[in-house]
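Below you'll find the structure, written out as structure tokens, and then a few comments.
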Amino acid sequence: MALSVENLNIHHPQHYAENGTPWTEWDLLRREAPIFWYERDDVEPFWAVTRYADIMTVSDNPKVFINSGPRLRLTLKGVPELLRAGVDSFGQEHDWDPDEPPDMVFMDNPEHRLLRRHSSWAFTQGGMRNMHAHFAALADDFTNTFMQALEVASDKGRTCDFVSGLACKLPLAAIGEILGLAPDDWKQILVWSNALVGEIEEEHKRPGESNGAAGYRAMHELRTYLEDLINESRECGADRGGFIDRMVHKKVRGKFLTNQQLNGYLFLLIAAGNDTTRNATSGGVAALLEHPDQRDLLREKPDLLPYAVEEILRWSSPVGNFLRTATSDFDLSGTKIRAGETVGLFYPSANRDERVFHDPYRFDITRSPNPHLSFGFGAHFCLGTNLARAELSANIKALIPHLHRLELHGAPTRMAQTHVLGYSTLPMRLTS
Ligand code: HEM
């Protein structure tokens with residue numbers, strides 16, 4: 001059957017896992033129906049917005065298109081969004097207020113701005129500047145360990161998985177450092193945060209446990225871990241200067257944050273940067289290996305690294321969508337959006353919009369300007385951009401001397417998700 005706007009699929013997680021990112025589908029939508037009322041049996045209908053300019057317009061009108069409506073991430077009919085209160089057993093056990101938003105992403109101004117400021121000091125460019133040398137050392141270390149594992153595996157004719165072997169390491173270490181989490185805990189936090197997005201190895205499941213159940217258990221365990229840290233900081237009674245202490249002991253609008261608010265906040269910071277940055281790293285390295293001319297160019301001219309990082313962000317586009325709810329009728333490029341309707345912003349599609357990017361399907365590490373929307377736009381623009389860029393640069397820089405020895409080998413697998421997109425596994429071997 002020929003692909004048409006009536007039969008294409010951009011909403012089913014399994015479709016993403018089996019067929020990869022739906023570039024062809026978004027191309028067709030951008031061309032034929034850029035603001036498309038998307039109706040399918042297994043998803044509540046929504047406006048699919050796929051052109052760059054329209055995604056910017058929606059993001060730039062946060063009073064009309066709010067985050068605090070009923071839907072923020074695309075899910076199948078009957079599948080609740082993971083973070084909403086009520087599905088969270090930890091929240092029920094601790095008498096959490098079901099009306100309190102899970103975190104600031106679910107909020108609008110002025111509350112959103114106030115809460116965002118509560119931590120944004122830690123993620124400024126200035127804050128990151130002090131971390132660069134440290135990230136570089138960590139990236140070198142992780143890269144050397146991966147290369148050694150690859151040597152051993154290659155001797156035995158085997159491959160190594162780049163995602164679990166390298167790409168997942170720095171994002172967790174970096175946020176762990178910033179939050180002041182004990183390095184011994186990072187491995188467990190990685191297991192929890194992977195389980196939250198449905199990525200869970202058999203060894204971390206209980207007998208007979210489904211992926212979904214393991215995800216909820218992971219959420220409960222991570223919340224318990226965070227609660228202990230918050231309580232410890234509260235009991236300590238003084239601001240010792242660490243990140244969590246500052247969050248606990250600083251007031252917002254004259255009031256300390258509740259445990260529920262703090263738990264949601266820390267949870268967000270841990271979860272938001274993990275699979276996103278990991279997927280950008282694995283997507284970027286895969287792209288460099290698939291485009292040996294660009295790989296060699298980067299090796300010859302390492303000064304291109306900042307441009308390569310932006311192109312990797314555009315190319316990999318790790319966040320697939322965010323949803324907004326219209327609070328009033330709005331004319332979006334001639335299409336009438338009505339109050340109460342849901343609008344889906346497909347950032348990866350914006351990043352391939354031929355109206356903005358010349359030859360968008362060319363991976364070009366010299367591309368400039370490169371105004372990609374991988375970090376979104378407007379009030380909720382990614383808080384971790386400086387951190388993500390610092391991590392990506394450190395990882396790619398550490399890998400440059402080794403890239404010509406790496407080879408993709410065997411079929412990668414992809415995450416069964418529509419929100420965060422990328423590889424679950426990316427097998428590699430050393431070039432012969
Ligand atoms: C390549 C990596 C990353 C990508 C592609 C990415 C992408 C995004 C996107 C698209 C949004 C929503 C923007 C919008 O609604 O306009 C967002 C929000 C956010 N990101 Fe990231 N992100 C990345 C890494 C990180 C990291 C490392 C952190 C760590 C702190 C982080 C923390 C956040 C937070 C807290 C928000 C919510 C901001 C708000 O609601 O005000 N992200 N990110």
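Labeling convention for the structure tokens: chains A, B, ... as they appear, residues from 1 per chain, ligands from 1 in order of appearance.
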
Quick one: everything within 10 Å of stretch 142-152 of chain A, counting only C-alpha atoms, minus sequence neighbours fewer than 2 positions away in the same chain. Send it as a ChimeraX atom specification.
/A:136-140,154-162,164-170,395-396,398-399,402,405-406,428-430

Using only C-alpha atoms and all ligand atoms, which protein or nucleic acid residues are at most 6 Å from ligand 1, as a PyMOL selection string?
chain A and resi 104-105+116+268-269+272-273+276-277+280+318-319+374-378+380-385+387-388

Write out, as a PDB file, in the first residue's frame, the residues just selected, with C-alpha atoms.
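Written file, part03.pdb:
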```pdb
ATOM      1  CA  MET A 104       8.237  21.878  36.105  1.00  0.00           C
ATOM      2  CA  VAL A 105       7.855  20.527  32.572  1.00  0.00           C
ATOM      3  CA  ARG A 116      13.322  26.651  36.749  1.00  0.00           C
ATOM      4  CA  LEU A 268      13.544  15.174  36.261  1.00  0.00           C
ATOM      5  CA  LEU A 269      17.175  16.259  36.306  1.00  0.00           C
ATOM      6  CA  ALA A 272      15.994  14.219  31.318  1.00  0.00           C
ATOM      7  CA  GLY A 273      19.654  14.120  30.412  1.00  0.00           C
ATOM      8  CA  THR A 276      18.739  11.972  25.408  1.00  0.00           C
ATOM      9  CA  THR A 277      22.481  12.594  25.585  1.00  0.00           C
ATOM     10  CA  ALA A 280      22.819  11.765  20.649  1.00  0.00           C
ATOM     11  CA  PRO A 318      16.797  12.545  20.325  1.00  0.00           C
ATOM     12  CA  VAL A 319      13.495  14.057  21.481  1.00  0.00           C
ATOM     13  CA  SER A 374      16.701  19.423  19.116  1.00  0.00           C
ATOM     14  CA  PHE A 375      16.519  21.296  22.426  1.00  0.00           C
ATOM     15  CA  GLY A 376      13.074  22.754  21.718  1.00  0.00           C
ATOM     16  CA  PHE A 377      12.328  26.452  21.888  1.00  0.00           C
ATOM     17  CA  GLY A 378      10.719  28.996  24.202  1.00  0.00           C
ATOM     18  CA  HIS A 380      10.697  25.138  28.268  1.00  0.00           C
ATOM     19  CA  PHE A 381      13.844  25.248  26.135  1.00  0.00           C
ATOM     20  CA  CYS A 382      16.080  22.453  27.416  1.00  0.00           C
ATOM     21  CA  LEU A 383      17.694  23.375  30.722  1.00  0.00           C
ATOM     22  CA  GLY A 384      20.594  21.005  30.081  1.00  0.00           C
ATOM     23  CA  THR A 385      21.829  22.340  26.723  1.00  0.00           C
ATOM     24  CA  LEU A 387      25.656  20.203  29.871  1.00  0.00           C
ATOM     25  CA  ALA A 388      24.580  18.086  26.900  1.00  0.00           C
TER      26      ALA A 388
END
```

So which residues touch stretch 179-189 of chain A within 7 Å, counting only C-alpha atoms, skipping near sequence neighbours fewer than 6 positions away, as a list in words?
Leu172, Ala173, Gly242, Phe243 and Ile244 of chain A

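Residues within 10 Å of stretch 354-362 of chain A, counting only C-alpha atoms and excluding same-chain residues fewer than 2 positions away, are A:Trp23, A:Asp27, A:Arg30, A:Arg31, A:Arg51, A:Tyr52, A:Ala53, A:His291, A:Glu311, A:Arg314, A:Trp315, A:Ser349, A:Ala350, A:Asn351, A:Arg352, A:Asp364, A:Ile365, A:Arg367, A:Ser368, A:Pro369, A:Asn370, A:Pro371, A:His372.
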
Got a sec to tell me which of stretch 110-285 of chain A DSSP assigns to alpha helix (DSSP H), as a PDB file with C-alpha atoms, in the first residue's frame?
```
ATOM      1  CA  GLU A 111       5.331  29.071  38.553  1.00  0.00           C
ATOM      2  CA  HIS A 112       7.404  27.376  35.904  1.00  0.00           C
ATOM      3  CA  ARG A 113       9.874  30.242  35.656  1.00  0.00           C
ATOM      4  CA  LEU A 114      10.349  30.424  39.420  1.00  0.00           C
ATOM      5  CA  LEU A 115      10.995  26.721  39.727  1.00  0.00           C
ATOM      6  CA  ARG A 116      13.322  26.651  36.749  1.00  0.00           C
ATOM      7  CA  ARG A 117      15.431  29.404  38.321  1.00  0.00           C
ATOM      8  CA  HIS A 118      15.808  27.251  41.408  1.00  0.00           C
ATOM      9  CA  SER A 119      18.352  25.061  39.596  1.00  0.00           C
ATOM     10  CA  SER A 120      19.316  26.908  36.418  1.00  0.00           C
ATOM     11  CA  GLN A 125      27.740  28.135  30.537  1.00  0.00           C
ATOM     12  CA  GLY A 126      29.803  29.531  33.405  1.00  0.00           C
ATOM     13  CA  GLY A 127      28.895  26.567  35.576  1.00  0.00           C
ATOM     14  CA  MET A 128      29.844  24.170  32.806  1.00  0.00           C
ATOM     15  CA  ARG A 129      33.171  25.872  32.095  1.00  0.00           C
ATOM     16  CA  HIS A 132      35.070  20.715  30.946  1.00  0.00           C
ATOM     17  CA  ALA A 133      38.430  19.337  32.126  1.00  0.00           C
ATOM     18  CA  HIS A 134      36.691  16.880  34.386  1.00  0.00           C
ATOM     19  CA  PHE A 135      34.339  15.670  31.644  1.00  0.00           C
ATOM     20  CA  ALA A 136      37.328  15.271  29.321  1.00  0.00           C
ATOM     21  CA  ALA A 137      39.095  13.056  31.859  1.00  0.00           C
ATOM     22  CA  LEU A 138      35.970  10.953  32.414  1.00  0.00           C
ATOM     23  CA  ALA A 139      35.372  10.627  28.653  1.00  0.00           C
ATOM     24  CA  ASP A 140      38.984   9.530  28.071  1.00  0.00           C
ATOM     25  CA  ASP A 141      38.658   6.968  30.784  1.00  0.00           C
ATOM     26  CA  PHE A 142      35.345   5.559  29.502  1.00  0.00           C
ATOM     27  CA  THR A 143      36.664   5.510  25.926  1.00  0.00           C
ATOM     28  CA  ASN A 144      39.840   3.646  26.874  1.00  0.00           C
ATOM     29  CA  THR A 145      37.826   1.063  28.799  1.00  0.00           C
ATOM     30  CA  PHE A 146      35.524   0.581  25.804  1.00  0.00           C
ATOM     31  CA  MET A 147      38.436   0.271  23.368  1.00  0.00           C
ATOM     32  CA  GLN A 148      40.062  -2.349  25.605  1.00  0.00           C
ATOM     33  CA  ALA A 149      36.808  -4.325  25.761  1.00  0.00           C
ATOM     34  CA  LEU A 150      36.564  -4.064  21.998  1.00  0.00           C
ATOM     35  CA  GLU A 151      40.111  -5.428  21.580  1.00  0.00           C
ATOM     36  CA  VAL A 152      39.235  -8.441  23.712  1.00  0.00           C
ATOM     37  CA  ALA A 153      35.902  -9.004  21.958  1.00  0.00           C
ATOM     38  CA  SER A 154      37.396  -8.614  18.493  1.00  0.00           C
ATOM     39  CA  ASP A 155      40.093 -11.194  19.279  1.00  0.00           C
ATOM     40  CA  PHE A 162      28.468   0.995  21.990  1.00  0.00           C
ATOM     41  CA  LYS A 169      28.472   6.380  30.834  1.00  0.00           C
ATOM     42  CA  LEU A 170      29.161  10.113  30.752  1.00  0.00           C
ATOM     43  CA  PRO A 171      25.553  11.426  30.988  1.00  0.00           C
ATOM     44  CA  LEU A 172      25.033   9.668  34.276  1.00  0.00           C
ATOM     45  CA  ALA A 173      28.479  10.474  35.671  1.00  0.00           C
ATOM     46  CA  ALA A 174      28.029  14.137  34.761  1.00  0.00           C
ATOM     47  CA  ILE A 175      24.627  14.620  36.370  1.00  0.00           C
ATOM     48  CA  GLY A 176      25.801  12.470  39.297  1.00  0.00           C
ATOM     49  CA  GLU A 177      28.719  14.867  39.819  1.00  0.00           C
ATOM     50  CA  ILE A 178      26.561  17.965  39.571  1.00  0.00           C
ATOM     51  CA  LEU A 179      23.962  16.639  41.997  1.00  0.00           C
ATOM     52  CA  TRP A 186      25.675   5.645  39.578  1.00  0.00           C
ATOM     53  CA  LYS A 187      25.419   2.100  38.254  1.00  0.00           C
ATOM     54  CA  GLN A 188      22.172   1.458  40.089  1.00  0.00           C
ATOM     55  CA  ILE A 189      20.765   4.839  39.012  1.00  0.00           C
ATOM     56  CA  LEU A 190      21.522   3.885  35.429  1.00  0.00           C
ATOM     57  CA  VAL A 191      19.582   0.631  35.822  1.00  0.00           C
ATOM     58  CA  TRP A 192      16.637   2.592  37.271  1.00  0.00           C
ATOM     59  CA  SER A 193      16.632   5.301  34.638  1.00  0.00           C
ATOM     60  CA  ASN A 194      16.930   2.751  31.820  1.00  0.00           C
ATOM     61  CA  ALA A 195      14.037   0.753  33.247  1.00  0.00           C
ATOM     62  CA  LEU A 196      11.906   3.898  33.304  1.00  0.00           C
ATOM     63  CA  ASN A 211       8.997  -4.531  31.480  1.00  0.00           C
ATOM     64  CA  GLY A 212       6.162  -2.251  32.559  1.00  0.00           C
ATOM     65  CA  ALA A 213       6.156  -3.610  36.112  1.00  0.00           C
ATOM     66  CA  ALA A 214       9.941  -3.344  36.274  1.00  0.00           C
ATOM     67  CA  GLY A 215       9.632   0.290  35.142  1.00  0.00           C
ATOM     68  CA  TYR A 216       7.206   1.142  37.950  1.00  0.00           C
ATOM     69  CA  ARG A 217       9.422  -0.657  40.472  1.00  0.00           C
ATOM     70  CA  ALA A 218      12.410   1.320  39.199  1.00  0.00           C
ATOM     71  CA  MET A 219      10.468   4.546  39.640  1.00  0.00           C
ATOM     72  CA  HIS A 220       9.591   3.557  43.210  1.00  0.00           C
ATOM     73  CA  GLU A 221      13.189   2.656  44.047  1.00  0.00           C
ATOM     74  CA  LEU A 222      14.627   5.811  42.511  1.00  0.00           C
ATOM     75  CA  ARG A 223      12.085   7.941  44.380  1.00  0.00           C
ATOM     76  CA  THR A 224      13.001   6.173  47.635  1.00  0.00           C
ATOM     77  CA  TYR A 225      16.681   6.849  46.975  1.00  0.00           C
ATOM     78  CA  LEU A 226      15.987  10.546  46.329  1.00  0.00           C
ATOM     79  CA  GLU A 227      13.719  10.819  49.350  1.00  0.00           C
ATOM     80  CA  ASP A 228      16.555   9.579  51.571  1.00  0.00           C
ATOM     81  CA  LEU A 229      18.894  12.212  50.141  1.00  0.00           C
ATOM     82  CA  ILE A 230      16.316  14.968  50.645  1.00  0.00           C
ATOM     83  CA  ASN A 231      15.586  13.896  54.214  1.00  0.00           C
ATOM     84  CA  GLU A 232      19.273  13.632  55.009  1.00  0.00           C
ATOM     85  CA  SER A 233      19.819  17.170  53.744  1.00  0.00           C
ATOM     86  CA  ARG A 234      16.778  18.463  55.643  1.00  0.00           C
ATOM     87  CA  GLU A 235      17.886  16.812  58.882  1.00  0.00           C
ATOM     88  CA  CYS A 236      21.346  18.210  58.495  1.00  0.00           C
ATOM     89  CA  PHE A 243      23.413  21.024  44.865  1.00  0.00           C
ATOM     90  CA  ILE A 244      20.786  19.079  46.815  1.00  0.00           C
ATOM     91  CA  ASP A 245      21.386  21.178  49.930  1.00  0.00           C
ATOM     92  CA  ARG A 246      20.769  24.331  47.954  1.00  0.00           C
ATOM     93  CA  MET A 247      17.585  22.911  46.487  1.00  0.00           C
ATOM     94  CA  VAL A 248      16.337  21.870  49.935  1.00  0.00           C
ATOM     95  CA  HIS A 249      17.334  24.960  51.892  1.00  0.00           C
ATOM     96  CA  ASN A 259       9.548  16.632  49.518  1.00  0.00           C
ATOM     97  CA  GLN A 260       7.134  15.890  46.680  1.00  0.00           C
ATOM     98  CA  GLN A 261       8.335  18.895  44.692  1.00  0.00           C
ATOM     99  CA  LEU A 262      11.995  18.173  45.424  1.00  0.00           C
ATOM    100  CA  ASN A 263      11.658  14.511  44.542  1.00  0.00           C
ATOM    101  CA  GLY A 264      10.015  15.401  41.222  1.00  0.00           C
ATOM    102  CA  TYR A 265      12.677  17.992  40.486  1.00  0.00           C
ATOM    103  CA  LEU A 266      15.654  15.718  41.134  1.00  0.00           C
ATOM    104  CA  PHE A 267      13.942  12.899  39.294  1.00  0.00           C
ATOM    105  CA  LEU A 268      13.544  15.174  36.261  1.00  0.00           C
ATOM    106  CA  LEU A 269      17.175  16.259  36.306  1.00  0.00           C
ATOM    107  CA  ILE A 270      18.390  12.671  36.475  1.00  0.00           C
ATOM    108  CA  ALA A 271      15.999  11.353  33.840  1.00  0.00           C
ATOM    109  CA  ALA A 272      15.994  14.219  31.318  1.00  0.00           C
ATOM    110  CA  ASN A 274      20.311  10.415  30.384  1.00  0.00           C
ATOM    111  CA  ASP A 275      18.817   8.693  27.381  1.00  0.00           C
ATOM    112  CA  THR A 276      18.739  11.972  25.408  1.00  0.00           C
ATOM    113  CA  THR A 277      22.481  12.594  25.585  1.00  0.00           C
ATOM    114  CA  ARG A 278      23.255   8.906  25.301  1.00  0.00           C
ATOM    115  CA  ASN A 279      21.198   8.671  22.116  1.00  0.00           C
ATOM    116  CA  ALA A 280      22.819  11.765  20.649  1.00  0.00           C
ATOM    117  CA  THR A 281      26.230  10.192  21.286  1.00  0.00           C
ATOM    118  CA  SER A 282      25.387   6.826  19.750  1.00  0.00           C
ATOM    119  CA  GLY A 283      23.450   8.421  16.876  1.00  0.00           C
ATOM    120  CA  GLY A 284      26.341  10.803  16.238  1.00  0.00           C
ATOM    121  CA  VAL A 285      29.034   8.152  16.292  1.00  0.00           C
TER     122      VAL A 285
END
```

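The two atoms in question, atom CA of A:Glu25 and atom CA of A:Leu8, are spaced 6.1 Å apart.
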
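Using only C-alpha atoms, the smallest distance between any of A:Gly410, A:Gly340, A:Pro302, A:Gly334 and A:Ile35 comes from A:Gly334.
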